[in-house]
$ cat final-v3.csv   # CSV, C-alpha atoms
chain,number,residue,atom,x,y,z
A,168,MET,CA,-11.7,-20.7,-37.1
A,169,ARG,CA,-14.2,-18.1,-35.7
A,170,TYR,CA,-13.3,-19.2,-32.2
A,171,VAL,CA,-9.6,-19.0,-32.8
A,172,VAL,CA,-10.0,-15.4,-34.1
A,173,ALA,CA,-12.3,-14.5,-31.2
A,174,PHE,CA,-9.8,-16.0,-28.7
A,175,GLY,CA,-6.9,-14.1,-30.3
A,176,ARG,CA,-8.9,-10.9,-30.4
A,177,PHE,CA,-9.8,-11.3,-26.7
A,178,TRP,CA,-6.1,-11.6,-25.6
A,179,TRP,CA,-5.0,-8.8,-27.9
A,180,ASP,CA,-7.7,-6.5,-26.3
A,181,PHE,CA,-6.8,-7.8,-22.9
A,182,VAL,CA,-3.0,-7.1,-23.1
A,183,VAL,CA,-2.6,-4.4,-25.8
A,184,GLY,CA,-5.9,-2.6,-25.1
A,185,ASP,CA,-7.0,0.2,-27.4
A,186,ASP,CA,-3.6,1.7,-28.3
A,187,TRP,CA,-1.1,-0.6,-30.0
A,188,LEU,CA,1.4,2.2,-30.3
A,189,VAL,CA,1.8,2.4,-26.5
A,190,ALA,CA,2.3,-1.4,-26.4
A,191,ALA,CA,4.9,-1.3,-29.2
A,192,GLY,CA,6.6,1.7,-27.4
A,193,LEU,CA,6.9,-0.4,-24.2
A,194,VAL,CA,8.6,-3.2,-26.1
A,195,VAL,CA,11.0,-0.7,-27.7
A,196,ALA,CA,11.7,0.9,-24.3
A,197,LEU,CA,12.4,-2.4,-22.6
A,198,GLY,CA,14.7,-3.4,-25.5
A,199,LEU,CA,16.6,-0.1,-25.4
A,200,THR,CA,16.9,-0.4,-21.6
A,201,ALA,CA,18.4,-3.9,-22.0
A,202,LEU,CA,20.8,-2.6,-24.7
A,203,VAL,CA,22.1,0.3,-22.6
A,204,ALA,CA,22.3,-1.8,-19.4
A,205,HIS,CA,24.4,-4.5,-21.2
A,206,HIS,CA,27.0,-1.9,-22.2
A,207,ALA,CA,27.6,-1.2,-18.5
A,208,VAL,CA,26.0,2.2,-18.6
A,209,ALA,CA,23.6,3.4,-15.9
A,210,ALA,CA,20.2,2.7,-17.5
A,211,TRP,CA,17.8,2.9,-14.5
A,212,TRP,CA,16.4,6.3,-15.6
A,213,LEU,CA,15.6,5.2,-19.2
A,214,LEU,CA,12.4,3.2,-18.5
A,215,PRO,CA,10.7,5.7,-16.2
A,216,VAL,CA,11.3,8.5,-18.7
A,217,ALA,CA,10.0,6.3,-21.5
A,218,VAL,CA,6.9,5.4,-19.5
A,219,VAL,CA,6.1,9.0,-18.8
A,220,GLY,CA,6.5,9.8,-22.5
A,221,LEU,CA,4.2,6.9,-23.5
A,222,LEU,CA,1.6,8.0,-20.9
A,223,VAL,CA,1.5,11.5,-22.5
A,224,VAL,CA,1.3,9.9,-26.0
A,225,ALA,CA,-1.5,7.6,-24.9
A,226,ILE,CA,-3.5,10.4,-23.4
A,227,ARG,CA,-3.0,12.7,-26.4
A,228,ARG,CA,-4.2,9.9,-28.7
A,229,ALA,CA,-7.3,9.2,-26.5
A,230,LEU,CA,-8.4,12.9,-26.3
A,231,PRO,CA,-11.5,13.7,-28.4
B,54,MET,CA,7.7,-2.1,2.5
B,55,ARG,CA,7.8,-3.8,-0.9
B,56,ILE,CA,5.5,-6.5,0.4
B,57,ALA,CA,3.1,-3.9,1.7
B,58,PHE,CA,2.9,-2.3,-1.7
B,59,LEU,CA,2.3,-5.7,-3.4
B,60,PHE,CA,-0.5,-6.4,-0.9
B,61,ALA,CA,-2.1,-3.0,-1.5
B,62,ALA,CA,-1.9,-3.3,-5.3
B,63,ALA,CA,-3.5,-6.8,-5.3
B,64,PHE,CA,-6.1,-5.7,-2.7
B,65,LEU,CA,-7.2,-2.5,-4.5
B,66,ALA,CA,-7.2,-4.1,-8.0
B,67,SER,CA,-9.3,-7.0,-6.7
B,68,ALA,CA,-11.7,-4.7,-4.8
B,69,VAL,CA,-12.3,-2.5,-7.9
B,70,GLU,CA,-12.9,-5.4,-10.2
B,71,MET,CA,-15.1,-7.2,-7.6
B,72,VAL,CA,-17.3,-4.0,-7.2
B,73,GLU,CA,-17.9,-4.2,-10.9
B,74,ALA,CA,-18.6,-7.9,-10.9
B,75,LEU,CA,-20.9,-7.5,-7.9
B,76,THR,CA,-23.1,-5.0,-9.8
B,77,ILE,CA,-23.7,-7.6,-12.5
B,78,VAL,CA,-24.3,-10.5,-10.1
B,79,LEU,CA,-26.7,-8.5,-7.9
B,80,ALA,CA,-28.7,-7.4,-11.0
B,81,VAL,CA,-29.1,-10.9,-12.3
B,82,GLY,CA,-29.6,-12.6,-8.9
B,83,ILE,CA,-32.3,-10.1,-7.7
B,84,THR,CA,-34.1,-10.2,-11.0
B,85,ARG,CA,-34.0,-13.9,-11.9
B,86,GLY,CA,-33.2,-15.8,-8.7
B,87,TRP,CA,-30.0,-16.7,-6.9
B,88,ARG,CA,-29.4,-20.5,-7.5
B,89,SER,CA,-28.2,-20.4,-11.1
B,90,THR,CA,-26.5,-17.0,-10.5
B,91,LEU,CA,-24.5,-18.2,-7.6
B,92,ILE,CA,-23.5,-21.5,-9.4
B,93,GLY,CA,-22.2,-19.2,-12.2
B,94,VAL,CA,-20.2,-17.2,-9.6
B,95,GLY,CA,-18.8,-20.3,-8.0
B,96,ALA,CA,-17.8,-21.8,-11.4
B,97,ALA,CA,-16.0,-18.6,-12.4
B,98,GLY,CA,-14.3,-18.5,-8.9
B,99,VAL,CA,-13.1,-22.1,-9.3
B,100,THR,CA,-11.8,-21.4,-12.9
B,101,LEU,CA,-9.8,-18.3,-11.7
B,102,ALA,CA,-8.4,-20.2,-8.6
B,103,ALA,CA,-7.3,-23.1,-10.9
B,104,PHE,CA,-5.7,-20.6,-13.3
B,105,VAL,CA,-3.7,-19.0,-10.4
B,106,GLY,CA,-3.0,-22.3,-8.7
B,107,ALA,CA,-1.6,-23.9,-11.9
B,108,LEU,CA,0.3,-21.0,-13.4
B,109,GLY,CA,1.7,-19.4,-10.2
B,110,PRO,CA,3.9,-22.2,-9.1
B,111,ALA,CA,4.9,-23.0,-12.7
B,112,LEU,CA,6.4,-19.5,-13.1
B,113,THR,CA,8.9,-20.2,-10.3
B,114,PHE,CA,10.7,-22.5,-12.8
B,115,VAL,CA,11.2,-19.6,-15.3
B,116,PRO,CA,14.6,-17.8,-15.1
B,117,ILE,CA,14.1,-14.8,-12.9
B,118,ASN,CA,15.4,-12.1,-15.3
B,119,ALA,CA,13.3,-13.4,-18.2
B,120,LEU,CA,10.2,-13.6,-15.9
B,121,ARG,CA,10.8,-10.0,-14.6
B,122,LEU,CA,11.2,-8.7,-18.2
B,123,VAL,CA,7.9,-10.3,-19.4
B,124,VAL,CA,6.0,-9.6,-16.2
B,125,GLY,CA,7.3,-6.0,-16.1
B,126,GLY,CA,6.1,-5.5,-19.7
B,127,LEU,CA,2.7,-6.9,-18.9
B,128,LEU,CA,2.3,-4.9,-15.7
B,129,LEU,CA,3.3,-1.7,-17.6
B,130,ALA,CA,0.7,-2.5,-20.4
B,131,PHE,CA,-2.0,-3.0,-17.8
B,132,GLY,CA,-0.9,-0.1,-15.6
B,133,LEU,CA,-0.7,2.4,-18.4
B,134,GLN,CA,-4.2,1.5,-19.5
B,135,TRP,CA,-5.6,1.9,-16.0
B,136,LEU,CA,-3.7,5.1,-15.4
B,137,LYS,CA,-4.7,6.7,-18.8
B,138,LYS,CA,-8.4,6.0,-18.2
B,139,ALA,CA,-8.2,7.3,-14.5
B,140,ILE,CA,-6.4,10.5,-15.6
B,141,LEU,CA,-9.0,11.1,-18.4
B,142,ARG,CA,-11.8,10.5,-15.9
B,143,ALA,CA,-10.3,12.7,-13.3
B,144,ALA,CA,-9.9,15.5,-15.8
B,145,GLY,CA,-13.5,15.2,-16.9
B,146,TYR,CA,-12.8,13.9,-20.5
B,147,VAL,CA,-14.4,10.5,-19.8
B,148,PRO,CA,-17.5,10.0,-17.6
B,149,LEU,CA,-17.0,8.3,-14.2
B,150,HIS,CA,-18.0,4.7,-14.0
B,151,ASP,CA,-21.7,4.7,-13.0
B,152,GLU,CA,-22.5,1.5,-11.1
B,153,ALA,CA,-26.1,2.6,-10.5
B,154,GLY,CA,-26.6,3.1,-14.2
B,155,ILE,CA,-25.0,-0.2,-15.1
B,156,TYR,CA,-27.1,-2.0,-12.5
B,157,ALA,CA,-30.3,-0.5,-13.9
B,158,HIS,CA,-29.2,-1.5,-17.4
B,159,GLU,CA,-28.3,-5.1,-16.3
B,160,ARG,CA,-31.6,-5.5,-14.5
B,161,ALA,CA,-33.6,-4.4,-17.6
B,162,GLU,CA,-31.6,-6.9,-19.7
B,163,ALA,CA,-32.2,-9.7,-17.2
B,164,GLU,CA,-36.0,-8.9,-17.1
B,165,SER,CA,-36.4,-9.0,-20.8
B,166,ALA,CA,-34.2,-12.1,-21.5
B,167,GLY,CA,-36.1,-15.3,-22.3
B,168,ARG,CA,-35.9,-18.3,-20.0
B,169,GLU,CA,-33.9,-21.3,-21.2
B,170,GLU,CA,-33.1,-24.3,-19.0
B,171,ARG,CA,-29.9,-26.2,-19.5
B,172,ALA,CA,-28.5,-28.8,-17.0
B,173,GLY,CA,-31.3,-27.7,-14.6
B,174,LEU,CA,-30.0,-24.1,-14.6
B,175,ASP,CA,-31.4,-20.8,-15.8
B,176,TRP,CA,-28.8,-20.5,-18.5
B,177,TYR,CA,-29.0,-16.7,-18.8
B,178,SER,CA,-28.3,-16.2,-15.1
B,179,PHE,CA,-25.5,-18.8,-15.1
B,180,THR,CA,-23.7,-17.4,-18.1
B,181,ILE,CA,-24.0,-13.7,-17.3
B,182,ALA,CA,-22.8,-14.3,-13.7
B,183,PHE,CA,-20.0,-16.6,-14.9
B,184,LYS,CA,-18.8,-14.3,-17.6
B,185,GLY,CA,-19.1,-11.2,-15.4
B,186,VAL,CA,-17.0,-12.7,-12.6
B,187,LEU,CA,-14.5,-14.4,-14.9
B,188,LEU,CA,-13.8,-11.3,-17.1
B,189,GLU,CA,-13.5,-8.9,-14.1
B,190,GLY,CA,-11.4,-11.4,-12.2
B,191,LEU,CA,-9.0,-12.3,-15.0
B,192,GLU,CA,-7.0,-9.2,-14.8
B,193,VAL,CA,-6.7,-9.6,-11.0
B,194,ALA,CA,-5.6,-13.2,-11.6
B,195,PHE,CA,-2.9,-12.0,-13.9
B,196,ILE,CA,-1.7,-9.4,-11.4
B,197,VAL,CA,-1.6,-12.0,-8.7
B,198,ILE,CA,0.4,-14.4,-10.8
B,199,SER,CA,2.7,-11.7,-12.1
B,200,PHE,CA,3.9,-11.1,-8.6
B,201,ALA,CA,5.8,-14.4,-8.9
B,202,ALA,CA,8.4,-12.0,-10.4
B,203,ASP,CA,9.1,-11.0,-6.8
B,204,ARG,CA,9.7,-14.6,-5.7
B,205,GLY,CA,9.7,-15.4,-1.9
B,206,GLY,CA,6.0,-16.3,-1.6
B,207,SER,CA,4.6,-13.1,-3.1
B,208,VAL,CA,2.0,-15.0,-5.2
B,209,ALA,CA,0.5,-16.3,-1.9
B,210,ILE,CA,0.6,-12.9,-0.3
B,211,SER,CA,-1.1,-11.2,-3.3
B,212,ALA,CA,-3.6,-14.1,-3.7
B,213,GLY,CA,-4.4,-13.6,0.0
B,214,ALA,CA,-4.9,-9.8,-0.6
B,215,ALA,CA,-7.2,-10.5,-3.5
B,216,ALA,CA,-9.2,-13.0,-1.4
B,217,ALA,CA,-9.5,-10.5,1.4
B,218,ALA,CA,-10.9,-7.9,-1.0
B,219,LEU,CA,-13.3,-10.4,-2.4
B,220,LEU,CA,-14.5,-11.2,1.1
B,221,LEU,CA,-14.9,-7.6,1.9
B,222,VAL,CA,-16.8,-6.7,-1.2
B,223,THR,CA,-19.1,-9.8,-1.0
B,224,THR,CA,-19.9,-9.0,2.7
B,225,VAL,CA,-20.7,-5.4,2.0
B,226,GLY,CA,-22.7,-6.5,-1.1
B,227,VAL,CA,-24.8,-9.0,0.9
B,228,LEU,CA,-25.4,-6.4,3.6
B,229,VAL,CA,-26.6,-3.6,1.4
B,230,ARG,CA,-28.0,-5.7,-1.5
B,231,ALA,CA,-27.4,-2.8,-3.9
B,232,PRO,CA,-24.5,-1.8,-6.2
B,233,LEU,CA,-21.6,-0.1,-4.4
B,234,SER,CA,-22.0,3.2,-6.2
B,235,ARG,CA,-20.4,5.2,-3.4
B,236,VAL,CA,-17.1,3.5,-3.7
B,237,PRO,CA,-14.6,6.0,-5.1
B,238,GLU,CA,-13.8,3.8,-8.0
B,239,ASN,CA,-11.7,6.2,-10.0
B,240,THR,CA,-9.5,7.1,-7.1
B,241,LEU,CA,-8.9,3.3,-6.5
B,242,LYS,CA,-8.2,2.8,-10.2
B,243,PHE,CA,-5.8,5.7,-10.2
B,244,ALA,CA,-3.9,4.1,-7.2
B,245,VAL,CA,-3.9,0.7,-8.9
B,246,GLY,CA,-2.7,2.1,-12.2
B,247,LEU,CA,0.1,3.9,-10.4
B,248,MET,CA,1.2,0.8,-8.5
B,249,LEU,CA,1.1,-1.5,-11.5
B,250,THR,CA,3.1,1.0,-13.5
B,251,THR,CA,5.6,1.3,-10.7
B,252,PHE,CA,6.1,-2.4,-10.3
B,253,GLY,CA,6.2,-2.9,-14.1
B,254,THR,CA,8.9,-0.3,-14.3
B,255,PHE,CA,10.9,-1.8,-11.4
B,256,TRP,CA,10.8,-5.4,-12.6
B,257,GLY,CA,10.9,-4.7,-16.3
B,258,ALA,CA,14.1,-2.7,-15.8
B,259,GLU,CA,15.6,-5.3,-13.5
B,260,GLY,CA,14.8,-8.0,-16.0
B,261,ALA,CA,16.5,-5.9,-18.7
B,262,GLY,CA,19.7,-5.9,-16.6
B,263,VAL,CA,19.3,-2.6,-14.7
B,264,ASP,CA,20.6,-2.2,-11.1
B,265,TRP,CA,18.4,0.3,-9.4
B,266,PRO,CA,20.1,2.8,-7.2
B,267,GLY,CA,19.1,2.0,-3.6
B,268,SER,CA,17.6,-1.3,-4.7
B,269,ASP,CA,14.0,-1.6,-3.2
B,270,ALA,CA,14.2,2.0,-2.0
B,271,ALA,CA,13.8,3.0,-5.6
B,272,ILE,CA,10.2,1.7,-5.6
B,273,PRO,CA,8.6,4.6,-3.6
B,274,VAL,CA,10.8,7.1,-5.5
B,275,VAL,CA,9.5,5.9,-8.9
B,276,LEU,CA,5.9,5.8,-7.4
B,277,GLY,CA,6.3,9.3,-6.2
B,278,ALA,CA,7.5,10.5,-9.6
B,279,TYR,CA,4.6,8.9,-11.4
B,280,VAL,CA,2.1,10.4,-8.8
B,281,LEU,CA,3.5,13.9,-9.5
B,282,VAL,CA,3.4,13.5,-13.3
B,283,SER,CA,-0.1,12.0,-13.2
B,284,LEU,CA,-1.5,14.8,-11.0
B,285,ALA,CA,0.2,17.4,-13.2
B,286,LEU,CA,-1.4,15.8,-16.3
B,287,VAL,CA,-4.9,15.9,-14.6
B,288,GLN,CA,-4.4,19.6,-13.8
B,289,LEU,CA,-3.2,20.4,-17.3
B,290,LEU,CA,-6.1,18.5,-18.9
B,291,ARG,CA,-8.7,20.1,-16.7
B,292,ARG,CA,-7.4,23.6,-17.6
B,293,GLN,CA,-7.4,22.6,-21.3
B,294,ARG,CA,-11.0,21.3,-21.1
B,295,LEU,CA,-12.3,24.3,-19.3
B,296,ALA,CA,-10.4,26.9,-21.4
B,297,PRO,CA,-12.8,28.8,-23.8
B,298,ALA,CA,-12.5,27.6,-27.4
B,299,GLY,CA,-9.9,29.5,-29.5
B,300,THR,CA,-7.7,30.6,-26.5
$ encode --input "final-v3.csv" --output "structure tokens"
Amino acid sequence: MRYVVAFGRFWWDFVVGDDWLVAAGLVVALGLTALVAHHAVAAWWLLPVAVVGLLVVAIRRALP
Amino acid sequence: MRIAFLFAAAFLASAVEMVEALTIVLAVGITRGWRSTLIGVGAAGVTLAAFVGALGPALTFVPINALRLVVGGLLLAFGLQWLKKAILRAAGYVPLHDEAGIYAHERAEAESAGREERAGLDWYSFTIAFKGVLLEGLEVAFIVISFAADRGGSVAISAGAAAAALLLVTTVGVLVRAPLSRVPENTLKFAVGLMLTTFGTFWGAEGAGVDWPGSDAAIPVVLGAYVLVSLALVQLLRRQRLAPAGT
């Protein structure tokens, strides 16, 4: 069991890193992009804007 | 041009991670001997190559839009982590990576560790070299594999770029026999973070059903926008850090 937990923790740290909010934000941003794109509306701008926003959030949360 | 960007991203990411792995390998090899250390390096290299060799071709069977959505998300997760740390380092909030300091620390650890023989190997040297190369190389392996989202042999191109970087860092490491502390690591990490974030955005959006204006021509535009935003953030953070308290 200890190894399973350690294995899961390793992959969590590897993919999500130290800020789960940013990872969750990415999932929401990709979902929103898919939703808008499937309603035949131009959605190419949405993800870059969300990424810049998430970068700012990530930096603010990491500041001492 | 897209292929050139892919090659550059894989080459730079691999070079940065291999510089860090080289520091660990040199410290252990010089302190405790090379045989077990190099066997550890070789075992990690074979593991990473098997990982890329098995997963890379398998991904070609995944529907392209689903693959791009997942790969885009992963590259964005990696890219934003690299970019955030690079911006904080450039602004002075986080100290720069100190290869010489890490080398000294690893040497001290290697000197004080006990000697345990397993399978005819100095187990400390083997495991430290194996773990160092495997962990530093895993992210590169993921980046190489994720370029399957581009189809058209891009995994082979990015694997070639990673191998070229490995060869370069190893050659320089053998020649100087010291940690490569003069490599501008943070600048390279900044560039890798920007490229991963750009490809993540491009493929993630395509996987979500977006048609980019100008198709591939959108890649340098997105990259340019991220460069400008990142440099502006560095300037802003530097000013904030240097401003007297209370102003």
$ closest_residue --input "final-v3.csv" --among "A:Phe174, A:Val183, A:Arg169, A:Val189" --to "Arg227 (chain A)" --atoms "all atoms listed in the file"
A:Val189
$ interface_residues --input "final-v3.csv" --of "chain B" --to "chain A" --cutoff "7 Å" --atoms "all atoms listed in the file" --output "list of chain:residue names"
B:Gly126, B:Ala130, B:Phe131, B:Leu133, B:Lys137, B:Thr254, B:Gly257, B:Ala258, B:Ala261, B:Gly262, B:Val263, B:Asp264, B:Trp265
$ atom_distance --input "final-v3.csv" --atom1 "CA of Phe200 (chain B)" --atom2 "CA of Val280 (chain B)"
21.6 Å
$ residues_around --input "final-v3.csv" --residues "Gly226 (chain B)" --least-positions-apart "5" --cutoff "10 Å" --atoms "all atoms listed in the file" --output "ChimeraX atom specification"
/B:72,75-76,78-79,220-221,231-233
$ atom_distance --input "final-v3.csv" --atom1 "CA of Gln134 (chain B)" --atom2 "CA of Ile210 (chain B)"
24.5 Å
$ atom_distance --input "final-v3.csv" --atom1 "CA of Gly253 (chain B)" --atom2 "CA of Val195 (chain A)"
14.6 Å
$ residues_near_point --input "final-v3.csv" --point "(-21.3, -21.6, -10.5)" --cutoff "12 Å" --atoms "only C-alpha atoms" --output "JSON, numbers by chain"
{"B": [78, 87, 88, 89, 90, 91, 92, 93, 94, 95, 96, 97, 98, 99, 100, 174, 175, 176, 178, 179, 180, 181, 182, 183, 184, 185, 186, 187]}
$ closest_residue --input "final-v3.csv" --among "B:Leu136, B:Leu188, B:Met248, B:Ile198" --to "Leu284 (chain B)" --atoms "all atoms listed in the file"
B:Leu136
$ residues_near_point --input "final-v3.csv" --point "(-9.5, -11.6, -11.2)" --cutoff "9 Å" --atoms "only C-alpha atoms" --output "MDAnalysis selection string"
chainID B and resid 66:67 70:71 98 101 186:197 215
$ residues_around --input "final-v3.csv" --residues "Ala217 (chain B)" --least-positions-apart "5" --cutoff "12 Å" --atoms "only C-alpha atoms" --output "list in words"
Phe60, Ala61, Ala63, Phe64, Leu65, Ala66, Ser67, Ala68, Met71, Ile210, Ser211, Ala212, Val222, Thr223 and Thr224 of chain B
$ closest_residue --input "final-v3.csv" --among "B:Ile77, B:Ala62, B:Ala202, B:Leu219" --to "Arg121 (chain B)" --atoms "all atoms listed in the file"
B:Ala202
$ residues_around --input "final-v3.csv" --residues "Ala119 (chain B)" --least-positions-apart "4" --cutoff "8 Å" --atoms "all atoms listed in the file" --output "PyMOL selection string"
chain B and resi 115+123+260
$ residues_around --input "final-v3.csv" --residues "Tyr177 (chain B)" --least-positions-apart "4" --cutoff "8 Å" --atoms "only C-alpha atoms" --output "count of residues only"
5
$ closest_residue --input "final-v3.csv" --among "B:Phe255, B:Tyr279, B:Phe243, B:Phe114" --to "Val69 (chain B)" --atoms "all atoms listed in the file"
B:Phe243
